[in-house]
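First the structure, in the form of structure tokens, and then the observations on it.
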Amino acid sequence: RYGLAERSGQVSVPPAFAAMHAPSGWVAPEDLGELPDAHLVLEHAYGYSGWGRGNLAVAAGGEIVYPTACLCVVASVRAQAPTQRFFAGHTAPVTAVALHPSRGACASAQAGVTPYVCVWDVATSQPLATLRGVHSVGIRAVAFSTDGRLLASLGADVGHSLAVYDWAESLLLARVNAGPEWIAALAWSPDGGLATAGAMHLKYWSLQQQAQAGGAPAQGGLAAGSTLVGRSAALHEMRAPTVFLCVAFTARGACVTGTAHGEVQLWEAGSLARTVRAHPGAVHAICVQGDAVITAGRAPKIGFWSAELDSLGTLNLRAAVDALQDDLGRPLGASAAALSVRAVATDGDRVFVGTRAGEVFQV
């Protein structure tokens, strides 16, 4: 019944509710007293923001980190009685999370017309840095460099703004528009380069020091005013146009992409080295752990691959979820139609998947 008036920002109140009358016989007390010395403490948050991609991670302590609405949740799943901690530094829905290589710090980004990135300590939920002023509309992805010194963020604006920060100094090093094509993901390579992936878009970026005075020097010889120089992959080597939904790098620097047609591809030095038909539906998530690659997507199947994309096996997620039942024998998981995996994370021993239905499973 209530809504914000367009452009004015004022609240529109129906006439029937405009007048408020005191109850019959009510007498205002002379002294209203003080506010009670009590406050509410959040104990548990239900749900998982499954409409994003790659927004699930495993922290150093074994907890899983994921967003739900405007919160980032750090959930302990090893204990018999699972517990949660929260980072509540956002003012709009959290759209992306990424862990520092040490797995002790997390970067999270949000939607909105003035979005920003927060870097915070996973163990204490205390903020370490806030990065503002680059993006509009929202932030689609964030990622730490492999040495942990730099942080990249990808905007959801028309030009898909791409920014690189020295996050510890809250210093913007470089900014560029990645392109007008729809861009879904980004990832750092071991050699310090970046890749962005989207609709017929796979581009590699290098961060170069600009020869000019000014700007406080950042670690690694970089300074504010550095430039991002991009080059496109050899997309003409593909048999048909496609949409890349996720991207990652292996330990030796090969690029791995997942497509909307269910293919997983290996790229060497910008050229297509191998394509495998991995899933019947779109590939939404890629996770690299050591020499292993894990993929998942719209079809309820998880694929395990070597760094050269040789198959190591598959897991039928539908069968695993159907085996989960409550005390009355009712299924706990989502329906097959909703069992679309949007994120995969692992610590080497356990694999977690986040689904579009807002559920997180350990498999």
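The way I read the labels, and the way they are meant: chains A, B, ... in the order of the structure tokens, residue 1 as the first residue of every chain, and ligand 1 as the first ligand shown, with later ones counted on from there.
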
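Residues surrounding A:Gln265 within 8 Å are Val256, Thr257, Gly258, Leu272, Ala273, Arg274, Thr275 and Val276 of chain A [only C-alpha atoms; sequence separation below 5 positions excluded].
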
Tell me, as a PDB file with N, CA and C atoms, in the first residue's frame, which residues lie within 8 Å of stretch 63-66 of chain A, counting only C-alpha atoms; anything in the same chain fewer than 5 positions away does not count.
```
ATOM      1  N   TYR A  48      20.571 -18.642   0.816  1.00  0.00           N
ATOM      2  CA  TYR A  48      21.815 -18.395   0.094  1.00  0.00           C
ATOM      3  C   TYR A  48      21.451 -17.701  -1.204  1.00  0.00           C
ATOM      4  N   SER A  49      22.183 -16.661  -1.556  1.00  0.00           N
ATOM      5  CA  SER A  49      21.873 -15.889  -2.766  1.00  0.00           C
ATOM      6  C   SER A  49      22.341 -16.656  -3.996  1.00  0.00           C
ATOM      7  N   ASN A  55      29.912 -17.380  -5.833  1.00  0.00           N
ATOM      8  CA  ASN A  55      29.836 -16.672  -4.562  1.00  0.00           C
ATOM      9  C   ASN A  55      29.799 -17.623  -3.371  1.00  0.00           C
ATOM     10  N   LEU A  56      30.696 -18.589  -3.377  1.00  0.00           N
ATOM     11  CA  LEU A  56      30.801 -19.572  -2.297  1.00  0.00           C
ATOM     12  C   LEU A  56      32.270 -19.906  -2.121  1.00  0.00           C
ATOM     13  N   ALA A  57      32.746 -19.948  -0.868  1.00  0.00           N
ATOM     14  CA  ALA A  57      34.166 -20.195  -0.624  1.00  0.00           C
ATOM     15  C   ALA A  57      34.328 -20.939   0.699  1.00  0.00           C
ATOM     16  N   VAL A  58      35.486 -21.584   0.858  1.00  0.00           N
ATOM     17  CA  VAL A  58      35.818 -22.297   2.090  1.00  0.00           C
ATOM     18  C   VAL A  58      36.978 -21.575   2.752  1.00  0.00           C
ATOM     19  N   CYS A  72      26.949 -11.239   4.631  1.00  0.00           N
ATOM     20  CA  CYS A  72      27.889 -12.314   4.322  1.00  0.00           C
ATOM     21  C   CYS A  72      27.899 -13.249   5.526  1.00  0.00           C
ATOM     22  N   VAL A  73      27.704 -14.528   5.275  1.00  0.00           N
ATOM     23  CA  VAL A  73      27.594 -15.520   6.338  1.00  0.00           C
ATOM     24  C   VAL A  73      28.856 -16.365   6.361  1.00  0.00           C
ATOM     25  N   VAL A  74      29.397 -16.567   7.562  1.00  0.00           N
ATOM     26  CA  VAL A  74      30.500 -17.498   7.787  1.00  0.00           C
ATOM     27  C   VAL A  74      29.931 -18.626   8.637  1.00  0.00           C
ATOM     28  N   ALA A  75      29.704 -19.770   8.020  1.00  0.00           N
ATOM     29  CA  ALA A  75      28.988 -20.866   8.666  1.00  0.00           C
ATOM     30  C   ALA A  75      29.937 -22.014   8.971  1.00  0.00           C
ATOM     31  N   SER A  76      29.917 -22.454  10.227  1.00  0.00           N
ATOM     32  CA  SER A  76      30.674 -23.627  10.635  1.00  0.00           C
ATOM     33  C   SER A  76      29.828 -24.864  10.395  1.00  0.00           C
ATOM     34  N   VAL A  77      30.332 -25.787   9.581  1.00  0.00           N
ATOM     35  CA  VAL A  77      29.563 -26.986   9.236  1.00  0.00           C
ATOM     36  C   VAL A  77      30.199 -28.253   9.798  1.00  0.00           C
ATOM     37  N   ARG A  78      31.319 -28.118  10.468  1.00  0.00           N
ATOM     38  CA  ARG A  78      31.966 -29.302  11.057  1.00  0.00           C
ATOM     39  C   ARG A  78      31.355 -29.671  12.394  1.00  0.00           C
ATOM     40  N   VAL A  97      31.483 -12.667  -3.700  1.00  0.00           N
ATOM     41  CA  VAL A  97      32.463 -12.823  -2.630  1.00  0.00           C
ATOM     42  C   VAL A  97      33.695 -13.521  -3.207  1.00  0.00           C
TER      43      VAL A  97
END
```

Best match for closeness to A:Val288 among A:Trp267, A:Phe244, A:Phe249, A:Phe361, counting only C-alpha atoms: A:Phe249

Nearest residue to A:Pro127 from the set A:Ala152, A:Val264, A:Ala88, A:Val27 (distances using only C-alpha atoms): A:Ala88

Pairwise distance for atom CA of A:Ala187 and atom CA of A:Cys255, rounded to one decimal in Å: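 About the pair atom CA of A:Ala187 and atom CA of A:Cys255: they are 9.2 Å apart.
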
Residue neighbourhood A:Arg277, 12 Å, only C-alpha atoms, exclusion window fewer than 2 positions, as a list in words: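 The contact residues come out as Gly258, Thr259, Ala260, His261, Gly262, Glu263, Val264, Gln265, Leu266, Arg274, Thr275, His279, Pro280, Gly281, Ala282, Val283, Thr295, Gly303, Leu309, Asp310 and Ser311 of chain A.
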
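Proximity to A:Ile286 at 9 Å, evaluated using only C-alpha atoms and with sequence-adjacent residues fewer than 4 positions away removed, yields Gly54, Cys246, Val247, Ala248, Val256, Thr257, Gly258, Val293, Ile294, Thr295, Ala296, Gly297, Ala343, Val344 and Ala345 of chain A.
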
Near-A:Asp191 list (12 Å; only C-alpha atoms; drop same-chain fewer than 5 positions) as a list in words: Ser145, Thr146, Asp147, Tyr204, Trp205, Ser206, Leu207, Phe249, Thr250, Ala251, Arg252, Gly253, Ala254 and Cys255 of chain A

Distance criterion (only C-alpha atoms): nearest to A:Gly89 out of A:Gln362, A:Thr130, A:Thr124, A:Ser102: A:Thr130

Atomic separation - atom CA of A:Ala278 relative to atom CA of A:Ala307, Å: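 It comes out at 14.1 Å.
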
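The closest residue to A:Pro300, picked from A:Ser189, A:Gln110, A:Ser340, A:Thr355 and counting only C-alpha atoms, is A:Ser340.
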
Nearest to A:Met238, chosen from A:Ser271, A:Arg356, A:Glu43, A:Gln208, with only C-alpha atoms counted in the distances: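 When distances to A:Met238 are compared using only C-alpha atoms, the smallest one comes from A:Ser271.
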
For A:Leu186, the nearest of the candidates A:Met200, A:Leu150, A:Ala143, A:Ala319, counting only C-alpha atoms: A:Ala143

All strand (DSSP E or B) positions in stretch 78-223 of chain A, as JSON, numbers by chain: {"A": [83, 84, 85, 86, 87, 94, 95, 96, 97, 98, 99, 105, 106, 107, 108, 109, 110, 111, 117, 118, 119, 120, 121, 127, 128, 129, 130, 131, 138, 139, 140, 141, 142, 143, 144, 150, 151, 152, 153, 154, 155, 161, 162, 163, 164, 165, 166, 171, 172, 173, 174, 175, 176, 177, 183, 184, 185, 186, 187, 188, 194, 195, 196, 197, 198, 199, 201, 202, 203, 204, 205, 206, 207, 208, 217, 223]}

Atoms kept (C-alpha atoms) for selection, written as a short mmCIF file (atom, residue, chain, number, x, y, z; two decimals), in the first residue's frame:
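The result, written out as result-v8.cif:
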```cif
data_model
loop_
_atom_site.label_atom_id
_atom_site.label_comp_id
_atom_site.auth_asym_id
_atom_site.auth_seq_id
_atom_site.Cartn_x
_atom_site.Cartn_y
_atom_site.Cartn_z
CA THR A 83 27.02 -21.84 14.09
CA GLN A 84 27.11 -18.67 12.01
CA ARG A 85 28.97 -15.39 12.09
CA PHE A 86 28.06 -12.40 9.98
CA PHE A 87 29.60 -9.47 8.18
CA VAL A 94 25.72 -8.86 -1.78
CA THR A 95 26.47 -9.95 -5.35
CA ALA A 96 29.96 -11.47 -5.13
CA VAL A 97 32.46 -12.82 -2.63
CA ALA A 98 36.09 -13.91 -3.00
CA LEU A 99 38.63 -15.21 -0.51
CA ALA A 105 40.22 -12.39 4.51
CA CYS A 106 37.20 -12.00 2.25
CA ALA A 107 36.18 -9.43 -0.34
CA SER A 108 32.48 -8.87 -0.88
CA ALA A 109 30.66 -6.58 -3.30
CA GLN A 110 27.11 -5.33 -3.59
CA ALA A 111 24.41 -4.12 -5.94
CA VAL A 117 33.67 -3.52 -2.15
CA CYS A 118 34.43 -4.48 1.45
CA VAL A 119 37.47 -6.46 2.53
CA TRP A 120 37.02 -8.00 5.97
CA ASP A 121 38.56 -10.50 8.36
CA PRO A 127 36.40 -4.51 8.13
CA LEU A 128 39.89 -4.13 6.68
CA ALA A 129 39.18 -1.86 3.71
CA THR A 130 36.29 -0.27 1.81
CA LEU A 131 36.73 0.49 -1.89
CA GLY A 138 26.30 -2.96 -9.25
CA ILE A 139 29.38 -5.15 -9.04
CA ARG A 140 29.27 -8.53 -10.72
CA ALA A 141 32.52 -10.18 -9.59
CA VAL A 142 35.58 -9.69 -7.41
CA ALA A 143 38.87 -11.60 -7.23
CA PHE A 144 42.19 -11.44 -5.39
CA LEU A 150 45.77 -6.82 -5.55
CA LEU A 151 42.00 -6.99 -5.88
CA ALA A 152 39.97 -6.71 -9.08
CA SER A 153 36.28 -5.87 -9.40
CA LEU A 154 33.97 -6.09 -12.42
CA GLY A 155 31.01 -3.74 -12.73
CA SER A 161 34.05 -1.19 -15.66
CA LEU A 162 37.08 -3.19 -14.54
CA ALA A 163 39.09 -1.87 -11.58
CA VAL A 164 42.29 -3.04 -9.87
CA TYR A 165 43.18 -1.94 -6.34
CA ASP A 166 45.99 -2.17 -3.88
CA LEU A 171 44.36 2.68 -3.59
CA LEU A 172 42.84 2.46 -7.07
CA LEU A 173 45.64 1.46 -9.43
CA ALA A 174 43.81 1.23 -12.75
CA ARG A 175 40.36 1.39 -14.30
CA VAL A 176 39.11 0.53 -17.78
CA ASN A 177 35.84 -0.34 -19.52
CA ILE A 183 30.58 -9.94 -19.14
CA ALA A 184 30.01 -12.48 -16.40
CA ALA A 185 33.28 -13.34 -14.66
CA LEU A 186 36.91 -12.54 -14.04
CA ALA A 187 39.93 -14.41 -12.69
CA TRP A 188 43.63 -13.79 -12.00
CA LEU A 194 43.58 -10.94 -15.52
CA ALA A 195 40.92 -12.58 -17.65
CA THR A 196 37.34 -11.46 -18.21
CA ALA A 197 34.71 -13.71 -19.78
CA GLY A 198 31.21 -13.19 -21.18
CA ALA A 199 29.16 -13.18 -24.37
CA HIS A 201 34.17 -12.14 -24.84
CA LEU A 202 37.36 -13.66 -23.50
CA LYS A 203 40.02 -11.07 -22.90
CA TYR A 204 43.36 -11.09 -21.11
CA TRP A 205 44.52 -7.99 -19.25
CA SER A 206 47.95 -6.93 -18.06
CA LEU A 207 48.56 -4.18 -15.50
CA GLN A 208 51.28 -1.80 -16.66
CA PRO A 217 53.65 3.97 -5.31
CA ALA A 223 51.09 3.26 -8.67
#
```

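Straight-line separation from atom CA of A:Arg342 to atom CA of A:Ala240: 24.2 Å.
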